[in-house]
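model-v3.tsv follows; it contains TSV, C-alpha atoms.
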chain	number	residue	atom	x	y	z
A	105	MET	CA	53.74	-48.76	-18.02
A	106	THR	CA	54.74	-45.22	-18.82
A	107	SER	CA	51.17	-44.35	-19.77
A	108	ARG	CA	49.86	-45.82	-16.51
A	109	PHE	CA	52.28	-43.84	-14.33
A	110	ARG	CA	51.37	-40.60	-16.10
A	111	THR	CA	47.69	-41.20	-15.33
A	112	ARG	CA	48.44	-41.58	-11.64
A	113	GLU	CA	50.56	-38.42	-11.59
A	114	THR	CA	47.80	-36.26	-13.13
A	115	ALA	CA	44.82	-37.59	-11.13
A	116	PHE	CA	43.26	-35.67	-8.19
A	117	THR	CA	43.26	-37.20	-4.76
A	118	LEU	CA	40.11	-36.98	-2.65
A	119	ILE	CA	41.73	-34.43	-0.35
A	120	GLU	CA	42.74	-32.23	-3.27
A	121	LEU	CA	39.20	-32.40	-4.68
A	122	LEU	CA	37.71	-31.39	-1.33
A	123	VAL	CA	40.12	-28.46	-1.08
A	124	VAL	CA	39.10	-27.25	-4.54
A	125	ILE	CA	35.41	-27.54	-3.66
A	126	ALA	CA	35.98	-25.63	-0.43
A	127	ILE	CA	37.81	-22.84	-2.28
A	128	ILE	CA	34.99	-22.59	-4.83
A	129	ALA	CA	32.41	-22.46	-2.01
A	130	ILE	CA	34.35	-19.64	-0.30
A	131	LEU	CA	34.56	-17.68	-3.55
A	132	ILE	CA	30.83	-18.12	-4.16
A	133	GLY	CA	30.16	-16.98	-0.60
A	134	LEU	CA	32.25	-13.87	-1.21
A	135	LEU	CA	30.61	-13.16	-4.55
A	136	LEU	CA	26.97	-13.63	-3.52
A	137	PRO	CA	26.69	-10.44	-1.43
A	138	ALA	CA	28.24	-8.48	-4.29
A	139	VAL	CA	25.84	-10.02	-6.79
A	140	GLN	CA	22.92	-9.27	-4.51
A	141	LYS	CA	24.03	-5.66	-4.17
A	142	VAL	CA	24.29	-5.33	-7.94
A	143	ARG	CA	20.81	-6.79	-8.36
A	144	GLU	CA	19.37	-4.49	-5.70
A	145	ALA	CA	21.06	-1.48	-7.28
A	146	ALA	CA	19.55	-2.44	-10.65
A	147	ALA	CA	16.10	-2.86	-9.06
A	148	ARG	CA	16.47	0.48	-7.30
A	149	ALA	CA	17.34	2.16	-10.59
A	150	GLU	CA	14.30	0.54	-12.20
A	151	ASN	CA	12.02	1.77	-9.41
A	152	SER	CA	13.54	5.24	-9.66
A	153	ASN	CA	12.79	5.35	-13.38
A	154	LYS	CA	9.19	4.21	-12.83
A	155	LEU	CA	8.65	6.87	-10.18
A	156	HIS	CA	10.03	9.48	-12.58
A	157	GLN	CA	7.70	8.29	-15.34
A	158	LEU	CA	4.71	8.39	-12.99
A	159	ALA	CA	5.59	11.95	-12.02
A	160	LEU	CA	5.79	12.91	-15.70
A	161	ALA	CA	2.43	11.22	-16.31
A	162	ALA	CA	0.91	13.20	-13.44
A	163	HIS	CA	2.27	16.41	-14.97
A	164	THR	CA	0.74	15.52	-18.34
A	165	TYR	CA	-2.57	14.81	-16.61
A	166	HIS	CA	-2.27	18.18	-14.91
A	167	ASP	CA	-1.70	19.89	-18.26
A	168	THR	CA	-4.91	18.29	-19.58
A	169	ALA	CA	-7.19	18.49	-16.54
A	170	LYS	CA	-5.67	21.67	-15.04
A	171	LYS	CA	-5.24	19.94	-11.69
A	172	MET	CA	-3.43	17.02	-10.09
A	173	PRO	CA	-4.91	13.52	-10.47
A	174	PRO	CA	-7.43	12.33	-7.86
A	175	TYR	CA	-6.46	9.60	-5.41
A	176	GLN	CA	-10.14	8.60	-5.39
A	177	MET	CA	-12.95	9.01	-7.91
A	178	SER	CA	-16.51	7.77	-7.42
A	179	SER	CA	-19.84	8.29	-9.19
A	180	GLN	CA	-23.45	7.44	-8.42
A	181	PRO	CA	-26.60	8.76	-10.15
A	182	TYR	CA	-28.39	10.00	-7.04
A	183	TYR	CA	-29.61	13.19	-8.73
A	184	GLY	CA	-29.60	12.10	-12.38
A	185	ASN	CA	-27.64	9.90	-14.75
A	186	VAL	CA	-23.90	10.32	-15.27
A	187	SER	CA	-22.12	9.84	-18.58
A	188	ASN	CA	-18.59	8.58	-19.11
A	189	ALA	CA	-17.62	9.13	-15.50
A	190	THR	CA	-14.50	7.53	-14.02
A	191	THR	CA	-14.34	5.50	-10.82
A	192	GLY	CA	-11.12	4.32	-9.27
A	193	SER	CA	-7.92	5.87	-7.99
A	194	TRP	CA	-4.96	7.74	-9.42
A	195	PRO	CA	-3.56	4.74	-11.39
A	196	MET	CA	-6.89	4.51	-13.22
A	197	ALA	CA	-6.69	8.22	-14.03
A	198	LEU	CA	-3.13	7.85	-15.31
A	199	LEU	CA	-3.69	4.79	-17.53
A	200	PRO	CA	-3.93	6.89	-20.72
A	201	TYR	CA	-0.65	8.59	-19.78
A	202	VAL	CA	1.38	5.40	-19.16
A	203	GLU	CA	0.65	3.82	-22.55
A	204	GLN	CA	-2.46	2.01	-21.30
A	205	ASP	CA	-5.11	4.04	-23.12
A	206	ALA	CA	-6.62	0.94	-24.74
A	207	LEU	CA	-7.02	-0.71	-21.34
A	208	TYR	CA	-8.64	2.45	-19.96
A	209	LYS	CA	-11.13	2.63	-22.82
A	210	SER	CA	-12.00	-1.06	-22.43
A	211	THR	CA	-13.46	-0.36	-18.97
A	212	LEU	CA	-16.32	1.81	-20.26
A	213	GLY	CA	-19.75	0.33	-19.54
A	214	THR	CA	-22.87	0.63	-17.45
A	215	LEU	CA	-22.04	2.20	-14.10
A	216	THR	CA	-22.34	-0.37	-11.32
A	217	TYR	CA	-22.22	-0.11	-7.58
A	218	GLY	CA	-21.69	-2.90	-5.11
A	219	TYR	CA	-20.01	-4.19	-2.02
A	220	ASN	CA	-19.02	-7.47	-0.48
A	221	TYR	CA	-18.67	-7.61	3.27
A	222	THR	CA	-18.58	-10.05	6.15
A	223	TYR	CA	-19.48	-9.27	9.77
A	224	SER	CA	-18.74	-11.72	12.52
A	225	GLN	CA	-19.28	-10.80	16.17
A	226	HIS	CA	-19.02	-13.12	19.15
A	227	TYR	CA	-19.55	-11.74	22.66
A	228	SER	CA	-19.29	-13.69	25.88
A	229	TYR	CA	-20.10	-12.01	29.22
A	230	ASN	CA	-20.23	-13.34	32.74
A	231	TYR	CA	-21.43	-10.89	35.38
A	232	GLY	CA	-21.43	-12.31	38.88
A	233	GLY	CA	-21.87	-15.88	37.66
A	234	THR	CA	-24.61	-15.11	35.11
A	235	PRO	CA	-23.37	-15.98	31.62
A	236	TYR	CA	-24.52	-14.22	28.48
A	237	ASN	CA	-23.51	-15.00	24.91
A	238	TYR	CA	-24.25	-13.13	21.74
A	239	ASP	CA	-23.30	-14.26	18.24
A	240	TYR	CA	-23.91	-12.44	15.00
A	241	ASP	CA	-22.64	-13.53	11.61
A	242	ASN	CA	-23.61	-11.92	8.36
A	243	SER	CA	-22.16	-11.89	4.87
A	244	TYR	CA	-23.54	-9.78	2.09
A	245	ASN	CA	-22.72	-9.48	-1.58
A	246	TYR	CA	-24.52	-6.68	-3.36
A	247	SER	CA	-24.18	-5.34	-6.88
A	248	THR	CA	-26.52	-3.25	-9.01
A	249	PRO	CA	-26.17	-1.64	-12.43
A	250	TYR	CA	-27.28	1.94	-12.88
A	251	ASN	CA	-28.92	1.67	-16.28
A	252	GLY	CA	-28.64	4.93	-18.15
A	253	SER	CA	-25.31	5.84	-16.56
A	254	THR	CA	-21.92	4.97	-18.01
A	255	ALA	CA	-18.45	5.01	-16.54
A	256	TYR	CA	-14.88	3.92	-16.99
A	257	GLN	CA	-14.61	1.64	-13.96
A	258	ALA	CA	-11.44	0.30	-12.41
A	259	LEU	CA	-13.20	-2.90	-11.36
A	260	ARG	CA	-13.39	-3.96	-15.02
A	261	ALA	CA	-9.62	-4.19	-15.35
A	262	LYS	CA	-7.05	-6.20	-13.48
A	263	GLY	CA	-3.60	-7.69	-13.76
A	264	LYS	CA	0.00	-6.66	-13.38
A	265	ILE	CA	0.90	-3.37	-15.09
A	266	ASN	CA	4.60	-2.67	-15.34
A	267	SER	CA	4.28	1.04	-14.53
A	268	PHE	CA	2.70	0.27	-11.15
A	269	TYR	CA	4.67	-2.86	-10.27
A	270	ALA	CA	8.03	-3.19	-8.49
A	271	LYS	CA	10.00	-6.43	-8.32
A	272	THR	CA	11.20	-5.33	-4.89
A	273	ASP	CA	7.68	-5.27	-3.46
A	274	PRO	CA	7.47	-8.56	-1.49
A	275	SER	CA	3.66	-8.38	-1.37
A	276	ALA	CA	3.09	-7.77	-5.09
A	277	GLU	CA	2.47	-11.43	-5.90
A	278	LEU	CA	-0.21	-11.59	-3.19
A	279	VAL	CA	-2.46	-9.09	-5.01
A	280	ASP	CA	-4.02	-9.69	-8.42
A	281	SER	CA	-3.49	-6.05	-9.49
A	282	PRO	CA	-0.50	-4.88	-7.43
A	283	CYS	CA	0.46	-1.25	-6.95
A	284	SER	CA	3.95	-0.77	-5.54
A	285	PHE	CA	3.93	3.03	-5.65
A	286	MET	CA	1.81	5.32	-3.49
A	287	CYS	CA	0.67	8.88	-4.12
A	288	ASN	CA	0.85	11.63	-1.54
A	289	SER	CA	-2.80	12.17	-0.57
A	290	SER	CA	-2.02	15.78	0.42
A	291	VAL	CA	-1.08	16.62	-3.17
A	292	PHE	CA	-3.60	14.58	-5.13
A	293	GLY	CA	-7.31	15.34	-5.12
A	294	TYR	CA	-10.64	13.53	-5.11
A	295	GLU	CA	-13.81	13.57	-7.18
A	296	TYR	CA	-17.46	12.78	-6.48
A	297	ASN	CA	-20.20	12.83	-9.09
A	298	TYR	CA	-23.73	12.09	-8.00
A	299	GLY	CA	-25.38	12.99	-11.29
A	300	GLY	CA	-27.70	15.79	-12.26
A	301	SER	CA	-26.81	19.38	-12.96
A	302	THR	CA	-26.90	20.80	-9.45
A	303	THR	CA	-23.56	21.99	-8.16
A	304	TYR	CA	-23.80	20.15	-4.84
A	305	SER	CA	-24.01	16.79	-6.61
A	306	LYS	CA	-20.61	17.20	-8.22
A	307	TYR	CA	-17.37	17.93	-6.45
A	308	SER	CA	-13.84	17.85	-7.75
A	309	TYR	CA	-10.74	18.90	-5.89
A	310	GLY	CA	-7.14	18.74	-6.94
A	311	LEU	CA	-4.19	21.04	-6.43
A	312	THR	CA	-2.70	22.95	-9.29
A	313	LEU	CA	1.07	23.14	-9.38
A	314	ASP	CA	1.04	26.84	-8.61
A	315	LYS	CA	-0.71	26.02	-5.32
A	316	ILE	CA	2.31	24.02	-4.16
A	317	THR	CA	3.79	27.09	-2.55
A	318	ASP	CA	6.33	25.16	-0.48
A	319	GLY	CA	8.06	24.41	-3.80
A	320	THR	CA	7.68	21.47	-6.16
A	321	SER	CA	11.27	20.41	-5.43
A	322	ASN	CA	10.45	20.29	-1.71
A	323	THR	CA	7.11	18.47	-1.90
A	324	SER	CA	6.74	14.72	-2.42
A	325	MET	CA	4.38	13.27	-5.03
A	326	PHE	CA	4.96	9.48	-5.06
A	327	ALA	CA	6.79	7.03	-2.84
A	328	GLU	CA	7.53	3.33	-2.80
A	329	GLY	CA	5.07	1.12	-0.93
A	330	TYR	CA	3.64	-2.35	-0.55
A	331	SER	CA	0.62	-3.66	-2.45
A	332	ARG	CA	-0.54	-5.41	0.68
A	333	CYS	CA	0.11	-4.24	4.22
A	334	ALA	CA	-0.91	-5.55	7.61
A	335	SER	CA	-0.34	-4.21	11.09
A	336	SER	CA	-1.21	-5.37	14.57
A	337	GLN	CA	-1.83	-3.51	17.80
A	338	TYR	CA	-1.62	-5.44	21.07
A	339	THR	CA	-2.19	-4.07	24.57
A	340	ASP	CA	-1.63	-6.23	27.62
A	341	TYR	CA	-4.55	-5.54	29.98
A	342	SER	CA	-3.15	-7.61	32.83
A	343	LYS	CA	-1.20	-4.50	33.84
A	344	TYR	CA	-4.52	-2.73	34.36
A	345	GLY	CA	-5.75	-5.15	36.99
A	346	TYR	CA	-7.22	-7.85	34.76
A	347	ALA	CA	-6.26	-11.53	34.74
A	348	ALA	CA	-3.16	-12.79	32.97
A	349	GLY	CA	-3.79	-13.13	29.24
A	350	SER	CA	-6.27	-10.25	29.17
A	351	HIS	CA	-5.66	-8.00	26.20
A	352	TYR	CA	-6.84	-5.74	23.43
A	353	LYS	CA	-5.71	-6.76	19.95
A	354	TYR	CA	-6.43	-5.09	16.62
A	355	ASP	CA	-5.26	-6.58	13.31
A	356	ASN	CA	-5.59	-4.51	10.15
A	357	ALA	CA	-4.78	-5.80	6.66
A	358	SER	CA	-5.39	-3.89	3.44
A	359	ASP	CA	-4.74	-4.36	-0.26
A	360	ARG	CA	-3.58	-1.31	-2.20
A	361	ALA	CA	-4.27	-2.38	-5.77
A	362	TRP	CA	-4.07	-0.12	-8.81
A	363	ASN	CA	-7.66	-1.09	-9.74
A	364	TYR	CA	-9.10	0.00	-6.39
A	365	ASP	CA	-12.72	1.04	-7.00
A	366	PRO	CA	-14.68	2.98	-4.35
A	367	ASN	CA	-17.92	2.04	-6.14
A	368	ASN	CA	-17.24	-1.63	-5.46
A	369	TYR	CA	-15.49	-2.33	-2.22
A	370	LYS	CA	-14.84	-5.37	-0.05
A	371	PHE	CA	-14.20	-5.64	3.64
A	372	SER	CA	-14.47	-8.06	6.51
A	373	TYR	CA	-14.30	-7.71	10.24
A	374	ILE	CA	-14.36	-10.23	13.04
A	375	ILE	CA	-14.83	-9.37	16.72
A	376	ASN	CA	-14.34	-11.79	19.58
A	377	TYR	CA	-15.02	-10.34	23.01
A	378	THR	CA	-14.80	-12.03	26.40
A	379	TYR	CA	-15.47	-10.51	29.79
A	380	ASP	CA	-15.77	-12.54	32.97
A	381	SER	CA	-16.23	-10.77	36.31
A	382	SER	CA	-17.11	-13.98	38.17
A	383	VAL	CA	-13.39	-14.60	38.75
A	384	SER	CA	-10.85	-12.40	40.45
A	385	PRO	CA	-9.12	-10.67	38.83
A	386	PRO	CA	-11.65	-10.40	36.00
A	387	VAL	CA	-10.87	-11.57	32.45
A	388	TYR	CA	-10.99	-9.15	29.54
A	389	LYS	CA	-10.20	-10.12	25.96
A	390	TYR	CA	-10.99	-8.13	22.86
A	391	ASP	CA	-9.81	-9.31	19.43
A	392	TYR	CA	-10.70	-7.26	16.36
A	393	THR	CA	-9.61	-8.28	12.86
A	394	TYR	CA	-10.24	-6.12	9.81
A	395	SER	CA	-9.35	-6.69	6.18
A	396	GLY	CA	-10.29	-4.59	3.20
A	397	SER	CA	-8.80	-2.28	0.61
A	398	ASN	CA	-7.41	1.24	0.46
A	399	PRO	CA	-6.51	3.54	-2.40
A	400	PRO	CA	-2.77	3.31	-3.14
A	401	TYR	CA	-1.74	6.40	-1.23
A	402	TYR	CA	0.30	7.32	1.83
A	403	SER	CA	-0.28	9.90	4.51
A	404	TYR	CA	2.26	12.65	5.05
A	405	TYR	CA	2.00	11.94	8.79
A	406	GLY	CA	4.19	8.89	8.28
A	407	SER	CA	3.84	5.33	9.56
A	408	TYR	CA	2.43	4.71	13.01
A	409	ASP	CA	4.35	2.34	15.25
A	410	TYR	CA	1.99	0.58	17.66
A	411	THR	CA	4.85	-0.55	19.87
A	412	THR	CA	6.22	2.94	20.53
A	413	TYR	CA	2.98	4.86	19.80
A	414	GLN	CA	5.00	7.24	17.66
A	415	TYR	CA	5.08	8.17	13.98
A	416	THR	CA	8.13	7.30	11.91
A	417	ALA	CA	8.67	8.47	8.34
A	418	PHE	CA	8.53	4.96	6.87
A	419	LYS	CA	9.86	1.46	7.36
A	420	VAL	CA	12.57	-0.06	5.19
A	421	LYS	CA	11.92	-3.56	3.85
A	422	PRO	CA	9.46	-4.52	6.61
A	423	SER	CA	7.53	-7.75	6.56
A	424	PRO	CA	4.15	-7.32	4.80
A	425	ASP	CA	2.70	-8.43	8.14
A	426	ASN	CA	4.33	-5.51	9.94
A	427	CYS	CA	3.79	-2.39	7.86
A	428	ASP	CA	1.36	0.51	7.81
A	429	PRO	CA	-1.52	0.33	5.25
A	430	TYR	CA	-1.49	4.14	5.20
A	431	GLY	CA	2.28	4.62	4.97
A	432	ALA	CA	5.18	4.36	2.54
A	433	GLU	CA	7.65	1.47	2.60
A	434	GLY	CA	11.22	1.47	1.36
A	435	THR	CA	11.62	-1.65	-0.76
A	436	THR	CA	15.44	-1.66	-1.01
A	437	SER	CA	18.18	-1.13	1.55
A	438	GLY	CA	19.04	2.31	2.80
A	439	GLY	CA	15.80	4.22	2.55
A	440	CYS	CA	12.75	4.98	0.44
A	441	LEU	CA	12.63	6.29	-3.12
A	442	VAL	CA	10.42	9.36	-3.50
A	443	ALA	CA	9.38	11.30	-6.60
A	444	MET	CA	9.10	15.01	-5.89
A	445	CYS	CA	6.53	17.28	-7.52
A	446	ASP	CA	9.17	18.66	-9.90
A	447	GLY	CA	9.68	15.14	-11.29
A	448	SER	CA	13.03	14.47	-9.62
A	449	VAL	CA	13.52	11.22	-7.67
A	450	ARG	CA	15.45	11.03	-4.41
A	451	MET	CA	16.47	8.30	-2.04
A	452	ILE	CA	15.30	9.43	1.38
A	453	SER	CA	17.48	8.10	4.18
A	454	ALA	CA	15.94	5.70	6.68
A	455	GLY	CA	17.09	8.03	9.44
A	456	VAL	CA	15.23	11.08	8.13
A	457	ALA	CA	13.53	13.09	10.87
A	458	ILE	CA	9.76	12.68	11.04
A	459	SER	CA	9.44	16.49	10.93
A	460	THR	CA	11.33	16.56	7.62
A	461	TRP	CA	9.19	13.78	6.16
A	462	GLN	CA	6.02	15.58	7.17
A	463	ALA	CA	7.31	18.86	5.75
A	464	MET	CA	8.00	17.07	2.46
A	465	GLY	CA	4.43	15.82	2.42
A	466	THR	CA	2.68	19.15	2.88
A	467	PRO	CA	2.39	21.28	-0.27
A	468	ASN	CA	1.53	24.71	1.10
A	469	SER	CA	1.92	24.80	4.86
A	470	GLY	CA	4.96	27.07	4.84
A	471	ASP	CA	7.15	24.58	6.71
A	472	VAL	CA	10.84	24.16	5.92
A	473	VAL	CA	12.24	20.89	4.64
A	474	GLY	CA	15.40	19.91	6.47
A	475	ASN	CA	18.15	17.60	5.27
A	476	PHE	CA	16.99	14.52	3.38

Write the structure described by the file as structure tokens, please.
Amino acid sequence: MTSRFRTRETAFTLIELLVVIAIIAILIGLLLPAVQKVREAAARAENSNKLHQLALAAHTYHDTAKKMPPYQMSSQPYYGNVSNATTGSWPMALLPYVEQDALYKSTLGTLTYGYNYTYSQHYSYNYGGTPYNYDYDNSYNYSTPYNGSTAYQALRAKGKINSFYAKTDPSAELVDSPCSFMCNSSVFGYEYNYGGSTTYSKYSYGLTLDKITDGTSNTSMFAEGYSRCASSQYTDYSKYGYAAGSHYKYDNASDRAWNYDPNNYKFSYIINYTYDSSVSPPVYKYDYTYSGSNPPYYSYYGSYDYTTYQYTAFKVKPSPDNCDPYGAEGTTSGGCLVAMCDGSVRMISAGVAISTWQAMGTPNSGDVVGNF
């Protein structure tokens, strides 16, 4: 009997158990935001370190090539064969400087050129009751080797490379070779090699550090960004005297992969156009969808907002369906991490003035950088 009564005294009632569960749930609810903040802080520190390492790699490239890396490199033997050229973007140029020299060397082979595109156009007109329809669909996949010419080509490599990948990039898993960091196209250069020995067939441009007269500590080099970005522009044409539902819509989606190759590009565009003047008010609909690829760079102008028709410095943690394929994107709360040309990394506040962001992006315009 004594043993039985002790068991009853130490057992939990249902109400007590529910209270304990509720307390645990409250504690977990209180802890989760803190845990998330710790994780985000760790991810931000990791991104900051990667940006710093990329800046150091760019400096090492500069020491070797006597200029900044190119954001785009392309070669074609229009005027004679080319040997051991490089096609791609700045990540391809930096592979040997981020412990990926073996991968870089594995891409050497016969220079190839190609493109894969899709055109789709559908037009429907009705003028005064006379209908007219026009449809055009075409897809083309073209590739040719340039025998006698060799190149290290970005198209021959793919996959996730830690130096170019950020866990905080929500679009990284959508791209087979994601690049979560963008170069400042105003600082990096470009190269074209069309073969032969004539000077007009070869062109190479890239700033030297001494040409960054605004100061390397005041000029941005890299920024966070998304591997895939899409934006949409919509204009309601009913306010211009057309029927309800009339509009202009433009959708733009681009991948910004580290193995971007200008010698082998892909794009697709679809146009659907309707105009009917047989009704009053007339109907006007124009839908244009484009998808393709861009080098992983950002413009110093900033990100264009199609709702306000204004430039902003960047967006913080936007949806991949609502970001600028030519802009930078902050991938953690509070702002956007930027590597400056002196190698330092700064968190730029989300509220930074567009004039300050643009001043940071220009290397030798003489403008003054305000508060970050």

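Shortest atom-to-atom contact with Ser321 of chain A among A:Ser179, A:Asn288, A:Ser448, A:Thr190: A:Ser448, counting only C-alpha atoms.
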
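In this structure, atom CA of Ser407 of chain A sits 5.7 Å away from atom CA of Asp428 of chain A.
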
- Show which residues sit within 10 Å of segment 303-309 of chain A, as a list of chain:residue names. Count all atoms listed in the file, and ignore same-chain residues fewer than 4 positions away. A:Lys171, A:Met172, A:Pro173, A:Pro174, A:Met177, A:Ser179, A:Gln180, A:Pro181, A:Tyr182, A:Tyr183, A:Gly184, A:Phe292, A:Gly293, A:Tyr294, A:Glu295, A:Tyr296, A:Asn297, A:Tyr298, A:Gly299

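Taking atom CA of Thr117 of chain A as the reference point, atom CA of Leu131 of chain A is found at 21.4 Å.
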
- Would you list the residues near (-6.6, -5.1, -3.0) (no more than 9 Å away, in the coordinates of the file, using all atoms listed in the file) as JSON, numbers by chain? {"A": [279, 280, 281, 282, 283, 331, 332, 358, 359, 360, 361, 362, 363, 364, 370, 396, 397, 398, 399]}

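In this structure, atom CA of Gln337 of chain A sits 8.9 Å away from atom CA of Asp409 of chain A.
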
- Message: Which residues are close to Arg450 of chain A, i.e. within 9 Å by all atoms listed in the file, leaving aside same-chain residues fewer than 3 positions away? Reply as a PyMOL selection string.
- Response: chain A and resi 152+440-444+476

Residue subset to file, keeping C-alpha atoms, as a short mmCIF file (atom, residue, chain, number, x, y, z; two decimals), in the frame of the given file:
data_model
loop_
_atom_site.label_atom_id
_atom_site.label_comp_id
_atom_site.auth_asym_id
_atom_site.auth_seq_id
_atom_site.Cartn_x
_atom_site.Cartn_y
_atom_site.Cartn_z
CA SER A 152 13.54 5.24 -9.66
CA CYS A 440 12.75 4.98 0.44
CA LEU A 441 12.63 6.29 -3.12
CA VAL A 442 10.42 9.36 -3.50
CA ALA A 443 9.38 11.30 -6.60
CA MET A 444 9.10 15.01 -5.89
CA PHE A 476 16.99 14.52 3.38
#

- Query: Of the candidates A:Lys262, A:Lys170, A:Lys389, A:Arg143, which one gets nearest to Ser228 of chain A if we count all atoms listed in the file?
  - Reply: A:Lys389

- Task: Please check which residues have atoms at most 10 Å from (-23.9, -18.9, 16.8) in the file's coordinates, counting all atoms listed in the file, and write them as a PyMOL selection string.
- Result: chain A and resi 224-226+237-241

- Excluding same-chain residues fewer than 2 positions from Gly192 of chain A, what lies within 8 Å of it counting only C-alpha atoms, as a ChimeraX atom specification? /A:176-178,190,194-197,257-259,363-367
